[in-house]
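Q: What follows is protein-v5.cif, mmCIF, C-alpha atoms and all ligand atoms.
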data_entry
loop_
_atom_site.group_PDB
_atom_site.id
_atom_site.type_symbol
_atom_site.label_atom_id
_atom_site.label_comp_id
_atom_site.auth_asym_id
_atom_site.auth_seq_id
_atom_site.Cartn_x
_atom_site.Cartn_y
_atom_site.Cartn_z
ATOM 1 C CA MET G 4 -0.250 -52.865 0.377
ATOM 2 C CA GLY G 5 -1.981 -55.495 2.479
ATOM 3 C CA CYS G 6 -5.117 -55.483 4.594
ATOM 4 C CA ALA G 7 -4.232 -54.497 8.178
ATOM 5 C CA ALA G 8 -6.553 -57.247 9.472
ATOM 6 C CA CYS G 9 -6.238 -60.279 7.144
ATOM 7 C CA SER G 10 -3.105 -59.336 5.149
ATOM 8 C CA LYS G 11 -4.909 -59.865 1.852
ATOM 9 C CA GLU G 12 -3.076 -57.961 -0.898
ATOM 10 C CA ALA G 13 -4.826 -55.180 -2.760
ATOM 11 C CA VAL G 14 -5.276 -55.946 -6.439
ATOM 12 C CA GLU G 15 -4.149 -53.067 -8.574
ATOM 13 C CA GLY G 16 -6.987 -51.212 -10.220
ATOM 14 C CA VAL G 17 -9.626 -53.177 -8.319
ATOM 15 C CA SER G 18 -11.472 -51.489 -5.520
ATOM 16 C CA LEU G 19 -13.790 -53.794 -3.615
ATOM 17 C CA PRO G 20 -16.865 -52.415 -1.882
ATOM 18 C CA GLY G 21 -15.944 -51.529 1.692
ATOM 19 C CA SER G 22 -12.217 -51.508 1.012
ATOM 20 C CA GLY G 23 -10.047 -48.483 1.695
ATOM 21 C CA ALA G 24 -7.900 -46.603 4.173
ATOM 22 C CA CYS G 25 -9.031 -45.842 7.698
ATOM 23 C CA GLY G 26 -10.906 -42.550 7.393
ATOM 24 C CA ARG G 27 -9.440 -41.244 10.598
ATOM 25 C CA CYS G 28 -5.671 -41.775 10.290
ATOM 26 C CA LYS G 29 -5.537 -42.486 6.519
ATOM 27 C CA GLN G 30 -2.769 -44.964 7.356
ATOM 28 C CA ALA G 31 -4.236 -48.457 7.802
ATOM 29 C CA TRP G 32 -5.773 -50.122 4.687
ATOM 30 C CA TYR G 33 -8.568 -52.702 4.807
ATOM 31 C CA CYS G 34 -9.863 -55.110 2.166
ATOM 32 C CA SER G 35 -13.423 -54.909 3.502
ATOM 33 C CA ARG G 36 -15.689 -53.157 5.967
ATOM 34 C CA GLU G 37 -15.756 -56.400 8.049
ATOM 35 C CA CYS G 38 -11.950 -56.465 8.343
ATOM 36 C CA GLN G 39 -11.917 -52.842 9.460
ATOM 37 C CA THR G 40 -14.573 -53.484 12.104
ATOM 38 C CA SER G 41 -12.803 -56.571 13.460
ATOM 39 C CA ASP G 42 -9.445 -54.733 13.615
ATOM 40 C CA TRP G 43 -10.799 -51.604 15.344
ATOM 41 C CA PRO G 44 -10.202 -52.737 18.983
ATOM 42 C CA THR G 45 -6.494 -53.142 18.109
ATOM 43 C CA HIS G 46 -6.137 -50.338 15.587
ATOM 44 C CA SER G 47 -7.966 -47.724 17.695
ATOM 45 C CA LYS G 48 -4.968 -47.603 20.072
ATOM 46 C CA ALA G 49 -2.653 -46.500 17.246
ATOM 47 C CA CYS G 50 -5.143 -44.546 15.161
ATOM 48 C CA VAL G 51 -4.374 -40.829 15.300
ATOM 49 C CA ARG G 52 -5.688 -38.180 12.949
ATOM 50 C CA PRO G 53 -2.929 -36.306 11.112
ATOM 51 C CA ASN G 54 -2.398 -32.592 11.798
ATOM 52 C CA TYR G 55 -3.961 -29.910 9.625
ATOM 53 C CA VAL G 56 -1.528 -27.530 8.001
ATOM 54 C CA VAL G 57 -3.451 -24.264 8.123
ATOM 55 C CA HIS G 58 -2.414 -21.245 6.089
ATOM 56 C CA ALA G 59 -3.668 -17.955 7.520
ATOM 57 C CA GLN G 60 -3.564 -14.718 5.567
ATOM 58 C CA LEU G 61 -4.457 -11.419 7.226
ATOM 59 C CA GLY G 62 -6.633 -9.159 5.080
ATOM 60 C CA ALA G 63 -6.446 -11.489 2.095
ATOM 61 C CA GLU G 64 -7.297 -9.985 -1.281
ATOM 62 C CA ALA G 65 -9.054 -13.219 -2.243
ATOM 63 C CA ILE G 66 -12.005 -12.223 -0.098
ATOM 64 C CA ALA G 67 -11.435 -8.494 -0.438
ATOM 65 C CA TRP G 68 -15.037 -7.626 -1.330
ATOM 66 C CA ARG G 69 -16.115 -8.536 2.183
ATOM 67 C CA LEU G 70 -13.055 -7.428 4.130
ATOM 68 C CA ARG G 71 -12.637 -4.158 5.898
ATOM 69 C CA ALA G 72 -8.870 -4.369 5.575
ATOM 70 C CA VAL G 73 -6.597 -5.618 2.820
ATOM 71 C CA ILE G 74 -3.040 -5.983 4.044
ATOM 72 C CA SER G 75 -0.232 -5.895 1.496
ATOM 73 C CA ASP G 76 3.265 -4.512 0.979
ATOM 74 C CA PRO G 77 4.222 -6.790 2.646
ATOM 75 C CA PRO G 78 1.387 -9.288 3.057
ATOM 76 C CA VAL G 79 1.159 -10.874 6.523
ATOM 77 C CA GLU G 80 0.760 -14.648 6.450
ATOM 78 C CA ARG G 81 1.426 -17.564 8.784
ATOM 79 C CA THR G 82 1.298 -21.317 8.308
ATOM 80 C CA LEU G 83 0.704 -23.543 11.333
ATOM 81 C CA SER G 84 0.629 -27.296 11.718
ATOM 82 C CA CYS G 85 -2.309 -27.923 14.052
ATOM 83 C CA PRO G 86 -3.185 -31.021 16.133
ATOM 84 C CA SER G 87 -6.530 -32.304 14.856
ATOM 85 C CA ASN G 88 -8.063 -32.528 18.323
ATOM 86 C CA ALA G 89 -7.129 -28.972 19.333
ATOM 87 C CA THR G 90 -10.134 -26.782 20.090
ATOM 88 C CA PHE G 91 -10.891 -23.572 18.217
ATOM 89 C CA THR G 92 -10.027 -21.652 21.392
ATOM 90 C CA GLN G 93 -6.569 -23.224 21.196
ATOM 91 C CA LEU G 94 -6.301 -22.381 17.491
ATOM 92 C CA HIS G 95 -7.227 -18.785 18.373
ATOM 93 C CA GLU G 96 -4.462 -18.721 20.987
ATOM 94 C CA ALA G 97 -1.933 -20.136 18.502
ATOM 95 C CA LEU G 98 -2.945 -17.566 15.875
ATOM 96 C CA GLN G 99 -2.541 -14.774 18.453
ATOM 97 C CA VAL G 100 1.041 -15.912 19.064
ATOM 98 C CA ALA G 101 1.803 -16.413 15.377
ATOM 99 C CA PHE G 102 0.501 -12.995 14.293
ATOM 100 C CA GLY G 103 1.830 -11.173 17.353
ATOM 101 C CA TRP G 104 -1.605 -9.986 18.468
ATOM 102 C CA ALA G 105 -2.045 -9.010 22.134
ATOM 103 C CA SER G 106 -5.339 -10.828 22.882
ATOM 104 C CA THR G 107 -7.080 -7.642 23.951
ATOM 105 C CA HIS G 108 -10.200 -8.250 21.873
ATOM 106 C CA THR G 109 -12.632 -11.024 21.136
ATOM 107 C CA TYR G 110 -12.759 -13.255 18.070
ATOM 108 C CA ASP G 111 -14.789 -15.733 16.105
ATOM 109 C CA PHE G 112 -14.264 -18.268 13.336
ATOM 110 C CA ASN G 113 -16.775 -18.176 10.495
ATOM 111 C CA ILE G 114 -17.688 -20.337 7.580
ATOM 112 C CA LEU G 115 -19.017 -17.992 4.932
ATOM 113 C CA ASP G 116 -22.422 -18.669 3.439
ATOM 114 C CA PRO G 117 -21.572 -19.295 -0.248
ATOM 115 C CA GLU G 118 -24.873 -17.648 -1.247
ATOM 116 C CA PHE G 119 -23.815 -14.358 0.306
ATOM 117 C CA GLY G 120 -22.219 -11.957 -2.149
ATOM 118 C CA PRO G 121 -21.159 -8.326 -2.470
ATOM 119 C CA ASP G 122 -24.702 -7.233 -3.403
ATOM 120 C CA SER G 123 -26.622 -9.602 -1.154
ATOM 121 C CA ASN G 124 -28.056 -6.841 0.984
ATOM 122 C CA GLY G 125 -28.917 -4.683 -2.038
ATOM 123 C CA ASP G 126 -31.350 -1.851 -1.331
ATOM 124 C CA ASN G 127 -31.960 -3.057 2.195
ATOM 125 C CA ALA G 128 -28.335 -2.770 3.284
ATOM 126 C CA MET G 129 -28.880 0.400 5.318
ATOM 127 C CA LEU G 130 -32.038 -0.831 7.047
ATOM 128 C CA ASP G 131 -30.393 -4.182 7.683
ATOM 129 C CA MET G 132 -27.410 -2.497 9.326
ATOM 130 C CA MET G 133 -29.645 -0.381 11.591
ATOM 131 C CA GLN G 134 -31.699 -3.373 12.656
ATOM 132 C CA ARG G 135 -28.567 -5.343 13.399
ATOM 133 C CA ALA G 136 -27.127 -2.517 15.488
ATOM 134 C CA MET G 137 -30.274 -2.696 17.640
ATOM 135 C CA GLY G 138 -29.918 -6.439 17.957
ATOM 136 C CA LYS G 139 -32.997 -6.998 15.816
ATOM 137 C CA ILE G 140 -32.494 -8.848 12.635
ATOM 138 C CA ASN G 141 -34.999 -10.032 10.106
ATOM 139 C CA PRO G 142 -34.562 -13.807 9.821
ATOM 140 C CA ASP G 143 -35.228 -13.563 6.072
ATOM 141 C CA SER G 144 -32.376 -11.116 5.504
ATOM 142 C CA PRO G 145 -29.238 -12.524 3.807
ATOM 143 C CA ARG G 146 -27.022 -14.556 6.080
ATOM 144 C CA GLU G 147 -23.318 -13.821 5.865
ATOM 145 C CA TYR G 148 -22.107 -16.782 7.920
ATOM 146 C CA ALA G 149 -23.318 -20.364 7.749
ATOM 147 C CA LEU G 150 -21.457 -21.090 10.983
ATOM 148 C CA ARG G 151 -19.838 -19.074 13.772
ATOM 149 C CA ILE G 152 -17.517 -20.637 16.308
ATOM 150 C CA LEU G 153 -17.160 -18.218 19.190
ATOM 151 C CA ASP G 154 -16.432 -17.733 22.836
ATOM 152 C CA LYS G 155 -19.546 -16.429 24.558
ATOM 153 C CA LYS G 156 -17.492 -15.515 27.613
ATOM 154 C CA ASN G 157 -15.884 -12.830 25.504
ATOM 155 C CA GLY G 158 -19.060 -10.829 26.022
ATOM 156 C CA ASP G 159 -16.977 -9.303 28.821
ATOM 157 C CA PHE G 160 -15.261 -7.164 26.214
ATOM 158 C CA PHE G 161 -17.941 -4.489 26.197
ATOM 159 C CA VAL G 162 -17.037 -2.785 22.946
ATOM 160 C CA ASP G 163 -16.850 -6.070 21.112
ATOM 161 C CA SER G 164 -20.155 -7.328 22.483
ATOM 162 C CA THR G 165 -21.964 -4.390 20.886
ATOM 163 C CA HIS G 166 -20.399 -5.337 17.542
ATOM 164 C CA ASP G 167 -21.423 -8.925 18.156
ATOM 165 C CA ASN G 168 -25.032 -8.032 17.290
ATOM 166 C CA GLN G 169 -23.900 -7.195 13.781
ATOM 167 C CA ARG G 170 -22.375 -10.620 13.310
ATOM 168 C CA ALA G 171 -25.175 -12.763 14.727
ATOM 169 C CA HIS G 172 -28.051 -14.045 12.603
ATOM 170 C CA PRO G 173 -30.983 -16.302 13.528
ATOM 171 C CA ARG G 174 -30.056 -18.708 10.721
ATOM 172 C CA THR G 175 -26.338 -18.807 11.564
ATOM 173 C CA LEU G 176 -25.410 -21.902 13.544
ATOM 174 C CA GLU G 177 -23.232 -21.077 16.564
ATOM 175 C CA LYS G 178 -20.792 -23.418 18.271
ATOM 176 C CA PRO G 179 -18.657 -22.843 21.375
ATOM 177 C CA SER G 180 -14.957 -22.491 20.568
ATOM 178 C CA ARG G 181 -13.935 -24.037 23.915
ATOM 179 C CA SER G 182 -15.422 -27.428 23.107
ATOM 180 C CA THR G 183 -15.402 -27.566 19.300
ATOM 181 C CA LYS G 184 -12.420 -29.460 17.925
ATOM 182 C CA LEU G 185 -10.740 -28.786 14.605
ATOM 183 C CA TYR G 186 -11.526 -32.179 13.077
ATOM 184 C CA GLN G 187 -15.220 -31.795 13.910
ATOM 185 C CA ILE G 188 -15.404 -28.898 11.461
ATOM 186 C CA PHE G 189 -12.615 -29.645 8.970
ATOM 187 C CA GLU G 190 -13.905 -33.178 8.424
ATOM 188 C CA ASP G 191 -17.570 -32.281 8.330
ATOM 189 C CA PRO G 192 -18.659 -32.350 4.668
ATOM 190 C CA LYS G 193 -21.112 -29.521 5.440
ATOM 191 C CA TYR G 194 -18.243 -27.170 6.268
ATOM 192 C CA GLY G 195 -15.001 -28.800 5.125
ATOM 193 C CA ASP G 196 -15.058 -27.153 1.697
ATOM 194 C CA GLY G 197 -16.297 -23.777 2.887
ATOM 195 C CA ILE G 198 -14.316 -20.558 3.172
ATOM 196 C CA MET G 199 -13.239 -20.038 6.776
ATOM 197 C CA VAL G 200 -12.358 -16.679 8.229
ATOM 198 C CA TYR G 201 -10.884 -15.971 11.652
ATOM 199 C CA THR G 202 -11.933 -12.505 12.806
ATOM 200 C CA TYR G 203 -10.068 -10.842 15.636
ATOM 201 C CA ASP G 204 -11.365 -7.564 17.136
ATOM 202 C CA PHE G 205 -14.935 -6.964 16.011
ATOM 203 C CA GLY G 206 -14.303 -3.203 15.872
ATOM 204 C CA ASP G 207 -11.190 -3.071 13.675
ATOM 205 C CA ARG G 208 -12.272 -6.406 12.201
ATOM 206 C CA TRP G 209 -8.951 -8.049 11.414
ATOM 207 C CA GLU G 210 -9.970 -10.909 9.159
ATOM 208 C CA HIS G 211 -7.697 -13.848 8.410
ATOM 209 C CA LEU G 212 -8.514 -16.212 5.567
ATOM 210 C CA LEU G 213 -7.827 -19.770 6.755
ATOM 211 C CA THR G 214 -7.081 -22.609 4.345
ATOM 212 C CA VAL G 215 -6.181 -26.196 5.184
ATOM 213 C CA THR G 216 -3.440 -26.805 2.620
ATOM 214 C CA ARG G 217 -2.425 -30.366 3.522
ATOM 215 C CA ARG G 218 -2.170 -32.938 6.326
ATOM 216 C CA ALA G 219 1.000 -33.567 8.345
ATOM 217 C CA ASP G 220 2.297 -36.007 10.940
ATOM 218 C CA PRO G 221 0.310 -35.837 14.181
ATOM 219 C CA THR G 222 1.872 -33.782 17.005
ATOM 220 C CA THR G 223 0.733 -32.715 20.469
ATOM 221 C CA LYS G 224 1.786 -29.114 19.857
ATOM 222 C CA PHE G 225 1.048 -26.384 17.372
ATOM 223 C CA GLN G 226 4.034 -25.767 15.137
ATOM 224 C CA CYS G 227 4.888 -22.756 13.030
ATOM 225 C CA VAL G 228 5.751 -23.933 9.515
ATOM 226 C CA ASP G 229 6.232 -20.636 7.742
ATOM 227 C CA GLY G 230 5.377 -16.962 7.709
ATOM 228 C CA ILE G 231 5.956 -13.610 6.021
ATOM 229 C CA GLY G 232 5.546 -10.021 7.131
ATOM 230 C CA HIS G 233 5.838 -8.397 10.552
ATOM 231 C CA GLY G 234 2.724 -8.603 12.742
ATOM 232 C CA VAL G 235 0.308 -5.669 12.451
ATOM 233 C CA ALA G 236 -0.243 -3.151 15.283
ATOM 234 C CA GLU G 237 -3.545 -3.427 17.134
ATOM 235 C CA ASN G 238 -6.105 -0.606 17.201
ATOM 236 C CA VAL G 239 -4.891 1.226 14.087
ATOM 237 C CA VAL G 240 -7.096 -0.325 11.366
ATOM 238 C CA GLN G 241 -5.750 -0.882 7.868
ATOM 239 C CA THR G 242 -5.021 2.762 7.051
ATOM 240 C CA GLY G 243 -3.211 3.277 10.352
ATOM 241 C CA TRP G 244 -0.924 0.334 9.650
ATOM 242 C CA ALA G 245 -0.073 1.705 6.180
ATOM 243 C CA GLU G 246 0.638 5.135 7.711
ATOM 244 C CA LEU G 247 2.839 3.651 10.398
ATOM 245 C CA LYS G 248 4.938 1.757 7.844
ATOM 246 C CA GLU G 249 5.162 4.942 5.779
ATOM 247 C CA ALA G 250 6.437 6.883 8.810
ATOM 248 C CA TYR G 251 9.272 4.378 9.237
ATOM 249 C CA ARG G 252 10.151 4.493 5.522
ATOM 250 C CA THR G 253 10.325 8.283 5.413
ATOM 251 C CA LYS G 254 13.816 9.783 5.643
ATOM 252 C CA GLU G 255 12.655 12.925 7.435
ATOM 253 C CA PRO G 256 9.413 12.134 9.278
ATOM 254 C CA ASN G 257 7.158 15.052 10.254
ATOM 255 C CA LYS G 258 5.824 15.637 13.766
ATOM 256 C CA GLU G 259 2.726 13.483 13.262
ATOM 257 C CA GLN G 260 4.826 10.610 11.931
ATOM 258 C CA ARG G 261 7.256 10.853 14.827
ATOM 259 C CA GLU G 262 4.311 10.629 17.241
ATOM 260 C CA LYS G 263 2.998 7.530 15.480
ATOM 261 C CA MET G 264 6.394 5.832 15.779
ATOM 262 C CA GLN G 265 6.687 6.802 19.433
ATOM 263 C CA TRP G 266 3.243 5.378 20.118
ATOM 264 C CA TYR G 267 4.187 2.097 18.435
ATOM 265 C CA GLU G 268 7.476 1.800 20.307
ATOM 266 C CA ARG G 269 6.222 2.798 23.772
ATOM 267 C CA GLN G 270 2.454 2.424 24.114
ATOM 268 C CA ALA G 271 0.875 0.073 21.597
ATOM 269 C CA SER G 272 -0.484 -3.155 23.142
ATOM 270 C CA ASN G 273 1.551 -5.248 20.687
ATOM 271 C CA GLY G 274 4.133 -2.667 19.645
ATOM 272 C CA SER G 275 7.863 -3.139 19.484
ATOM 273 C CA PRO G 276 10.579 -1.002 21.120
ATOM 274 C CA GLN G 277 12.756 -1.438 17.993
ATOM 275 C CA GLY G 278 10.033 -0.069 15.740
ATOM 276 C CA LEU G 279 9.956 -1.001 12.048
ATOM 277 C CA LYS G 280 13.046 0.774 10.705
ATOM 278 C CA ASN G 281 15.440 -0.789 8.199
ATOM 279 C CA GLY G 282 12.931 -3.136 6.645
ATOM 280 C CA ARG G 283 11.751 -4.638 9.939
ATOM 281 C CA GLU G 284 8.218 -4.574 8.487
ATOM 282 C CA HIS G 285 9.332 -7.708 6.585
ATOM 283 C CA VAL G 286 10.835 -9.483 9.587
ATOM 284 C CA PHE G 287 9.140 -12.598 10.856
ATOM 285 C CA ASP G 288 10.902 -14.923 13.293
ATOM 286 C CA LYS G 289 9.495 -18.405 12.809
ATOM 287 C CA ASP G 290 11.712 -19.940 15.516
ATOM 288 C CA GLU G 291 10.591 -17.415 18.112
ATOM 289 C CA VAL G 292 6.928 -18.195 17.383
ATOM 290 C CA ASP G 293 7.623 -21.913 17.387
ATOM 291 C CA ALA G 294 9.328 -21.651 20.805
ATOM 292 C CA LYS G 295 6.274 -19.863 22.238
ATOM 293 C CA LEU G 296 3.885 -22.420 20.737
ATOM 294 C CA SER G 297 5.895 -25.376 22.046
ATOM 295 C CA VAL G 298 5.196 -24.411 25.666
ATOM 296 C CA ARG G 299 1.643 -25.683 25.335
ATOM 297 C CA THR G 300 0.697 -29.360 24.924
ATOM 298 C CA ILE G 301 -2.626 -30.234 23.316
ATOM 299 C CA ASN G 302 -4.148 -33.524 24.388
HETATM 300 ZN ZN ZN G 401 -8.983 -57.980 5.082
HETATM 301 ZN ZN ZN G 402 -6.889 -45.350 11.679
#
Could you quickly redo this structure as structure tokens?
Ligand SMILES: [Zn+2]
Ligand SMILES: [Zn+2]

A:
Amino acid sequence: MGCAACSKEAVEGVSLPGSGACGRCKQAWYCSRECQTSDWPTHSKACVRPNYVVHAQLGAEAIAWRLRAVISDPPVERTLSCPSNATFTQLHEALQVAFGWASTHTYDFNILDPEFGPDSNGDNAMLDMMQRAMGKINPDSPREYALRILDKKNGDFFVDSTHDNQRAHPRTLEKPSRSTKLYQIFEDPKYGDGIMVYTYDFGDRWEHLLTVTRRADPTTKFQCVDGIGHGVAENVVQTGWAELKEAYRTKEPNKEQREKMQWYERQASNGSPQGLKNGREHVFDKDEVDAKLSVRTIN
């Protein structure tokens, strides 16, 4: 490996001060800080940050103590390769496509405060909840999120805006999803190692645990890498989803179960006319998602 500016060869086992790969693209190597600086006018034209491969798990057990819903049997997971300069609004839109959500509710991305635990609210939990519901929160109360990335315009969703009070905190930093880019958070040492959760629908609170698993070649589109489990129906909460799957598994469904299936096939905002019979609860079509994602170019 030679220096991209002066071609000096790297000496094995010797790392000079200032030497190393370009922090942005991780591709070009320099023998010194000076070489990197002098090469930047040329290199900047070719320097592109690699994509983030983001694994998203709906209702992940790993953070079960703080989730309203744990989704299993089958789990519902998606893996997307994401352009580094996509905004969080664009990531939200890609996740909506990948999970088959209908975009009828608002969302936010959170970095969890590592200090916050299952018993953080202790004896004050009830009081804390009441104060939050009224939009009044004691700044000294435990903070669940270190950071929230959200779309303030989503205040239009009335039901969700009332729940928004319960998520806000005076010590939680807020950033607008429309102008915050993925690399600005994923490469910020303050947040890069934190646990990130994407919450869709503040009422049902569908929480997706997001993990950057690796980097990949840069692209101008989101790509679906992998996935398991059929997308979950909106507006049913965790128990409703389990009941719906049960209705489809039952050989002789009762009246209530038949009504649930009819609702899913004819009325649900993200339902499916084929329903979930014959193991369709396991079906995930990566190519279909990828085709939908490829319509949109990120620049
Ligand atoms: Zn050099
Ligand atoms: Zn570079």

Q: May I ask you to write as a list in words all residues lying at most 10 Å from ligand ZN 401 (chain G), with only C-alpha atoms and all ligand atoms counted?

A: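 Counting only C-alpha atoms and all ligand atoms, the residues within 10 Å of ligand ZN 401 (chain G) come out as Gly5, Cys6, Ala7, Ala8, Cys9, Ser10, Lys11, Glu12, Ala13, Ser22, Trp32, Tyr33, Cys34, Ser35, Arg36, Glu37, Cys38, Gln39, Ser41 and Asp42 of chain G.
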
Q: When you draw a straight line from CA of Ala171 in chain G to CA of Trp209 in chain G, how long is it in Å?

A: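 For CA of Ala171 in chain G relative to CA of Trp209 in chain G, the distance reads 17.2 Å.
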
Q: Quick one: residues within 10 Å of Glu118 in chain G, all atoms listed in the file, excluding same-chain residues fewer than 3 positions away - as a VMD selection string?

A: chain G and resid 115 123 145 to 149

Q: With a distance cut-off of 9 Å and all atoms listed in the file, select the neighbouring residues of range 269-280 of chain G, excluding the residue or stretch itself and same-chain residues fewer than 3 positions from it, and output the selection as number ranges by chain.

A: G: 103-105, 107, 233-238, 247-248, 251-252, 264-266, 283-286

Q: Give me, please, the distance in Å between CA of Gln169 in chain G and CA of His211 in chain G, quoted to one decimal.

A: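 Computing it gives 18.3 Å between the two atoms.
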
Q: Between G:Gly21, G:Ile301, G:Val100, G:Arg81, which is the closest to Pro221 in chain G once you count all atoms listed in the file?

A: G:Ile301

Q: Residues at most 12 Å from ligand ZN 402 (chain G), using all atoms listed in the file? Could they come as a ChimeraX atom specification?

A: /G:7,23-33,39-40,42-53
